[in-house]
Amino acid sequence: MKFLYRITGGIVVSFWSLAGLASDSWMKWSNTEVQYLHGDAFQAPYRASDISQSIITFTHAHGWALGRNFMFMDTLITEAGQPAQTSVYGEAYSYISLGKLLGKDLAFGIFKDLNAAIGVNAGENFDSPKSGSRVVLYGATIDFDLPGFKLFSVDFLRHNVLEPAAQGSSWQITPVWKLPFEIAGTKWSLEGFADFIGKKGPTFARTALAQPQLRLDLGDLWGRANHLYVGIEYQYWHNKYGIKGLHESLPQALVIWKF
């Protein structure tokens, strides 16, 4: 968390200010996970061979009186295909519910609520300082009430790159979903997100990134539900990092511990 604050030059203050309001007396729900992923076909600029990489991801989300907050932090460890290196990447978002702010139920049909949204994305390669990304986002998020889905929302955001060497602005549309289901008494979920980001000036091409996960609640098999999950994450990236022609498509093994 301190890392996110430091590398965005204080932009994330608004996020932590809202999160600070979510004291124990205001907290409605919370979810924290540690994920381990491994894949062998990652792509990087100017590399002809596939890259093997492990990723340790910490995620946290909570709801409070007027909305919800979400953050994650990736630690990416390169193991083969390029010189060994470690980098970090994180995102933090805060959402303010219009319905909760007005004290009214705005639900109508499949429409559930409208939120104001603000977020930051930031990363750093420890082996190549000042090589990471700096992005500020703001806009609106629509929550939907779809049959079977525990969560389905779509972000409509302004995407602003703040890197000194590559500044630019565009739009970003991000659907997020969670669909739980059962197969022969076992508990599963299909969840994830997809980012669709427009072209940002002459240096960034139009980008699409999708990371759906298929999870099995392994702990439920011996009476410890909602803690230990295994599964697979499929990652597809079109024009990775905004580099035209750099595409990525690979499965990753997935293990999750939920607090």
# chains A, B, ... in the order shown; residues from 1 in each chain; ligands from 1
>>> residues_around(residues="Lys240 (chain A)", least_positions_apart="3", cutoff="10 Å", atoms="only C-alpha atoms", output="number ranges by chain")
A: 43-45, 204-209, 236-237, 243-248
>>> write_last_selection(atoms="C-alpha atoms", output="PDB file, in the first residue's frame")
ATOM      1  CA  GLN A  43       5.727 -12.465 -24.031  1.00  0.00           C
ATOM      2  CA  ALA A  44       7.985  -9.415 -23.743  1.00  0.00           C
ATOM      3  CA  PRO A  45       9.181  -6.755 -26.191  1.00  0.00           C
ATOM      4  CA  PHE A 204       0.177   3.392 -27.473  1.00  0.00           C
ATOM      5  CA  ALA A 205      -1.965   1.124 -29.651  1.00  0.00           C
ATOM      6  CA  ARG A 206      -5.499   0.051 -28.765  1.00  0.00           C
ATOM      7  CA  THR A 207      -5.258  -2.696 -26.100  1.00  0.00           C
ATOM      8  CA  ALA A 208      -7.375  -5.576 -24.790  1.00  0.00           C
ATOM      9  CA  LEU A 209      -6.522  -7.678 -21.727  1.00  0.00           C
ATOM     10  CA  TYR A 236      -5.141 -12.975 -23.356  1.00  0.00           C
ATOM     11  CA  TRP A 237      -3.429  -9.698 -24.192  1.00  0.00           C
ATOM     12  CA  ILE A 243       2.802  -2.186 -28.310  1.00  0.00           C
ATOM     13  CA  LYS A 244       1.214  -2.938 -31.668  1.00  0.00           C
ATOM     14  CA  GLY A 245       1.671  -6.587 -32.661  1.00  0.00           C
ATOM     15  CA  LEU A 246       2.759  -7.848 -29.220  1.00  0.00           C
ATOM     16  CA  HIS A 247       0.126 -10.445 -28.289  1.00  0.00           C
ATOM     17  CA  GLU A 248      -0.059 -12.955 -25.433  1.00  0.00           C
TER      18      GLU A 248
END
>>> select_by_dssp(residues="region 46-221 of chain A", states="strand (DSSP E)", output="JSON, numbers by chain")
{"A": [51, 52, 53, 54, 55, 56, 57, 58, 59, 60, 61, 62, 63, 64, 67, 68, 69, 70, 71, 72, 73, 74, 75, 76, 77, 78, 79, 80, 86, 87, 88, 89, 90, 91, 92, 93, 94, 95, 96, 97, 111, 112, 113, 114, 115, 116, 117, 118, 119, 120, 121, 122, 123, 124, 125, 134, 135, 136, 137, 138, 139, 140, 141, 142, 143, 144, 151, 152, 153, 154, 155, 156, 157, 158, 159, 160, 161, 162, 163, 166, 167, 168, 169, 170, 171, 172, 173, 174, 175, 176, 177, 178, 179, 180, 181, 182, 183, 186, 187, 188, 189, 190, 191, 192, 193, 194, 195, 196, 197, 207, 208, 209, 210, 213, 214, 215, 216, 217]}
>>> write_last_selection(atoms="C-alpha atoms", output="compact mmCIF listing (two decimals), in the first residue's frame")
# COMPACT_ATOMS: atom_id res chain seq x y z
CA ILE A 51 9.06 -16.52 -20.77
CA SER A 52 8.33 -18.56 -17.63
CA GLN A 53 7.01 -16.51 -14.76
CA SER A 54 5.48 -16.90 -11.32
CA ILE A 55 3.12 -14.27 -9.92
CA ILE A 56 2.14 -13.76 -6.29
CA THR A 57 -0.95 -11.56 -6.03
CA PHE A 58 -2.42 -9.96 -2.92
CA THR A 59 -5.99 -8.68 -3.33
CA HIS A 60 -8.33 -6.95 -0.92
CA ALA A 61 -11.85 -5.57 -1.27
CA HIS A 62 -14.34 -4.23 1.24
CA GLY A 63 -17.69 -2.53 1.30
CA TRP A 64 -18.64 0.38 3.53
CA GLY A 67 -19.56 2.19 -1.58
CA ARG A 68 -16.62 -0.17 -1.91
CA ASN A 69 -12.84 -0.20 -2.31
CA PHE A 70 -10.60 -2.64 -4.16
CA MET A 71 -6.86 -3.10 -4.59
CA PHE A 72 -4.36 -5.70 -5.73
CA MET A 73 -0.59 -5.99 -5.83
CA ASP A 74 1.31 -8.38 -8.14
CA THR A 75 4.87 -9.52 -7.54
CA LEU A 76 6.15 -10.94 -10.85
CA ILE A 77 9.19 -13.22 -10.80
CA THR A 78 10.85 -14.16 -14.08
CA GLU A 79 12.30 -17.69 -14.05
CA ALA A 80 13.31 -18.46 -17.65
CA THR A 86 11.42 -9.11 -10.24
CA SER A 87 8.80 -6.42 -10.73
CA VAL A 88 5.68 -5.24 -8.96
CA TYR A 89 2.41 -3.88 -10.27
CA GLY A 90 -0.66 -2.68 -8.39
CA GLU A 91 -4.05 -1.09 -8.85
CA ALA A 92 -6.39 0.62 -6.36
CA TYR A 93 -9.96 1.80 -6.94
CA SER A 94 -12.68 3.45 -4.91
CA TYR A 95 -16.37 3.46 -5.83
CA ILE A 96 -19.06 5.73 -4.40
CA SER A 97 -22.62 4.44 -4.84
CA PHE A 111 -29.78 -2.15 -13.59
CA LYS A 112 -28.67 -2.22 -9.94
CA ASP A 113 -26.70 0.94 -9.17
CA LEU A 114 -24.48 3.72 -10.53
CA ASN A 115 -21.11 4.60 -8.97
CA ALA A 116 -18.50 7.31 -9.27
CA ALA A 117 -15.09 5.66 -9.68
CA ILE A 118 -11.48 6.75 -9.24
CA GLY A 119 -8.34 4.64 -9.45
CA VAL A 120 -4.59 4.44 -9.93
CA ASN A 121 -2.38 1.86 -11.68
CA ALA A 122 1.34 1.76 -10.97
CA GLY A 123 4.27 -0.60 -11.43
CA GLU A 124 8.03 -0.83 -11.20
CA ASN A 125 10.74 -3.21 -12.42
CA ARG A 134 1.77 5.38 -13.94
CA VAL A 135 -1.94 5.73 -14.74
CA VAL A 136 -4.83 7.66 -13.17
CA LEU A 137 -8.42 6.73 -14.00
CA TYR A 138 -11.81 8.26 -13.23
CA GLY A 139 -15.36 7.87 -14.45
CA ALA A 140 -18.47 5.82 -13.70
CA THR A 141 -19.30 2.19 -12.94
CA ILE A 142 -22.64 0.51 -13.56
CA ASP A 143 -23.62 -2.44 -11.35
CA PHE A 144 -25.95 -5.01 -12.91
CA LEU A 151 -21.18 -9.71 -9.30
CA PHE A 152 -21.36 -8.06 -12.70
CA SER A 153 -20.25 -4.47 -13.20
CA VAL A 154 -18.82 -2.38 -16.04
CA ASP A 155 -16.37 0.52 -15.59
CA PHE A 156 -16.43 3.43 -18.05
CA LEU A 157 -13.24 5.36 -17.30
CA ARG A 158 -10.95 8.09 -18.55
CA HIS A 159 -7.46 6.56 -18.78
CA ASN A 160 -4.59 9.02 -18.21
CA VAL A 161 -0.95 7.93 -18.58
CA LEU A 162 1.43 10.02 -16.46
CA GLU A 163 4.79 8.54 -17.47
CA ALA A 166 4.88 8.51 -22.78
CA GLN A 167 1.94 10.66 -21.71
CA GLY A 168 -1.52 10.36 -23.18
CA SER A 169 -5.23 10.00 -22.46
CA SER A 170 -7.91 7.68 -23.74
CA TRP A 171 -10.90 5.66 -22.57
CA GLN A 172 -11.14 2.33 -20.76
CA ILE A 173 -14.10 -0.06 -20.50
CA THR A 174 -13.76 -2.88 -17.96
CA PRO A 175 -16.43 -5.52 -17.26
CA VAL A 176 -15.91 -7.48 -14.02
CA TRP A 177 -17.83 -10.63 -13.13
CA LYS A 178 -18.25 -13.51 -10.68
CA LEU A 179 -20.46 -16.48 -11.55
CA PRO A 180 -20.66 -19.25 -8.90
CA PHE A 181 -22.02 -22.69 -9.85
CA GLU A 182 -21.98 -26.32 -8.74
CA ILE A 183 -21.03 -29.54 -10.54
CA THR A 186 -18.57 -29.44 -5.93
CA LYS A 187 -18.44 -25.64 -5.77
CA TRP A 188 -16.94 -23.64 -8.64
CA SER A 189 -16.82 -20.06 -9.85
CA LEU A 190 -15.97 -18.33 -13.11
CA GLU A 191 -14.68 -14.85 -12.39
CA GLY A 192 -12.36 -12.19 -13.74
CA PHE A 193 -12.24 -9.03 -15.80
CA ALA A 194 -11.43 -7.66 -19.25
CA ASP A 195 -9.84 -4.26 -20.01
CA PHE A 196 -10.52 -2.56 -23.34
CA ILE A 197 -8.31 0.54 -23.66
CA THR A 207 -5.26 -2.70 -26.10
CA ALA A 208 -7.37 -5.58 -24.79
CA LEU A 209 -6.52 -7.68 -21.73
CA ALA A 210 -8.70 -10.49 -20.36
CA GLN A 213 -10.35 -17.59 -13.77
CA LEU A 214 -12.03 -20.98 -13.26
CA ARG A 215 -11.90 -21.85 -9.54
CA LEU A 216 -12.72 -25.01 -7.59
CA ASP A 217 -13.41 -24.63 -3.86
>>> closest_residue(among="A:Met27, A:Ala65, A:Leu218, A:Val34", to="Ile256 (chain A)", atoms="only C-alpha atoms")
A:Val34
>>> residues_around(residues="His227 (chain A)", least_positions_apart="6", cutoff="7 Å", atoms="only C-alpha atoms", output="list in words")
Gly219, Trp257, Lys258 and Phe259 of chain A
>>> write_last_selection(atoms="C-alpha atoms", output="compact mmCIF listing (two decimals), in the first residue's frame")
# COMPACT_ATOMS: atom_id res chain seq x y z
CA GLY A 219 -11.45 -26.82 0.90
CA TRP A 257 -5.94 -18.83 -0.15
CA LYS A 258 -8.84 -16.65 0.98
CA PHE A 259 -8.94 -15.03 4.43
>>> closest_residue(among="A:Leu221, A:Pro202, A:Val255, A:Leu102", to="Gly242 (chain A)", atoms="only C-alpha atoms")
A:Pro202
>>> closest_residue(among="A:Gln235, A:Ser133, A:Gln85, A:Gln252", to="Pro212 (chain A)", atoms="only C-alpha atoms")
A:Gln235
>>> closest_residue(among="A:Trp29, A:Leu101, A:Tyr36, A:Phe42", to="Leu250 (chain A)", atoms="only C-alpha atoms")
A:Phe42
>>> closest_residue(among="A:Gly198, A:Gly103, A:Gly185, A:Gly81", to="Gly39 (chain A)", atoms="only C-alpha atoms")
A:Gly81
>>> atom_distance(atom1="CA of Ala84 (chain A)", atom2="CA of Arg47 (chain A)")
13.7 Å
>>> select_by_dssp(residues="region 15-229 of chain A", states="helix (DSSP H, G or I)", output="JSON, numbers by chain")
{"A": [15, 16, 17, 18, 19, 20, 21, 98, 99, 100, 101, 102, 219, 220, 221, 222]}
>>> write_last_selection(atoms="C-alpha atoms", output="PDB file, in the first residue's frame")
ATOM      1  CA  PHE A  15      -8.633   6.302  -2.247  1.00  0.00           C
ATOM      2  CA  TRP A  16      -7.102   5.914   1.198  1.00  0.00           C
ATOM      3  CA  SER A  17      -9.199   8.756   2.581  1.00  0.00           C
ATOM      4  CA  LEU A  18     -12.355   6.913   1.594  1.00  0.00           C
ATOM      5  CA  ALA A  19     -10.941   3.605   2.792  1.00  0.00           C
ATOM      6  CA  GLY A  20     -10.164   5.223   6.126  1.00  0.00           C
ATOM      7  CA  LEU A  21     -13.836   6.042   6.559  1.00  0.00           C
ATOM      8  CA  LEU A  98     -25.105   7.025  -6.094  1.00  0.00           C
ATOM      9  CA  GLY A  99     -27.980   5.051  -4.596  1.00  0.00           C
ATOM     10  CA  LYS A 100     -26.342   4.923  -1.163  1.00  0.00           C
ATOM     11  CA  LEU A 101     -25.305   8.572  -1.376  1.00  0.00           C
ATOM     12  CA  LEU A 102     -28.905   9.609  -2.115  1.00  0.00           C
ATOM     13  CA  GLY A 219     -11.446 -26.821   0.896  1.00  0.00           C
ATOM     14  CA  ASP A 220     -15.174 -27.495   0.627  1.00  0.00           C
ATOM     15  CA  LEU A 221     -14.382 -31.148  -0.147  1.00  0.00           C
ATOM     16  CA  TRP A 222     -13.340 -31.665   3.490  1.00  0.00           C
TER      17      TRP A 222
END
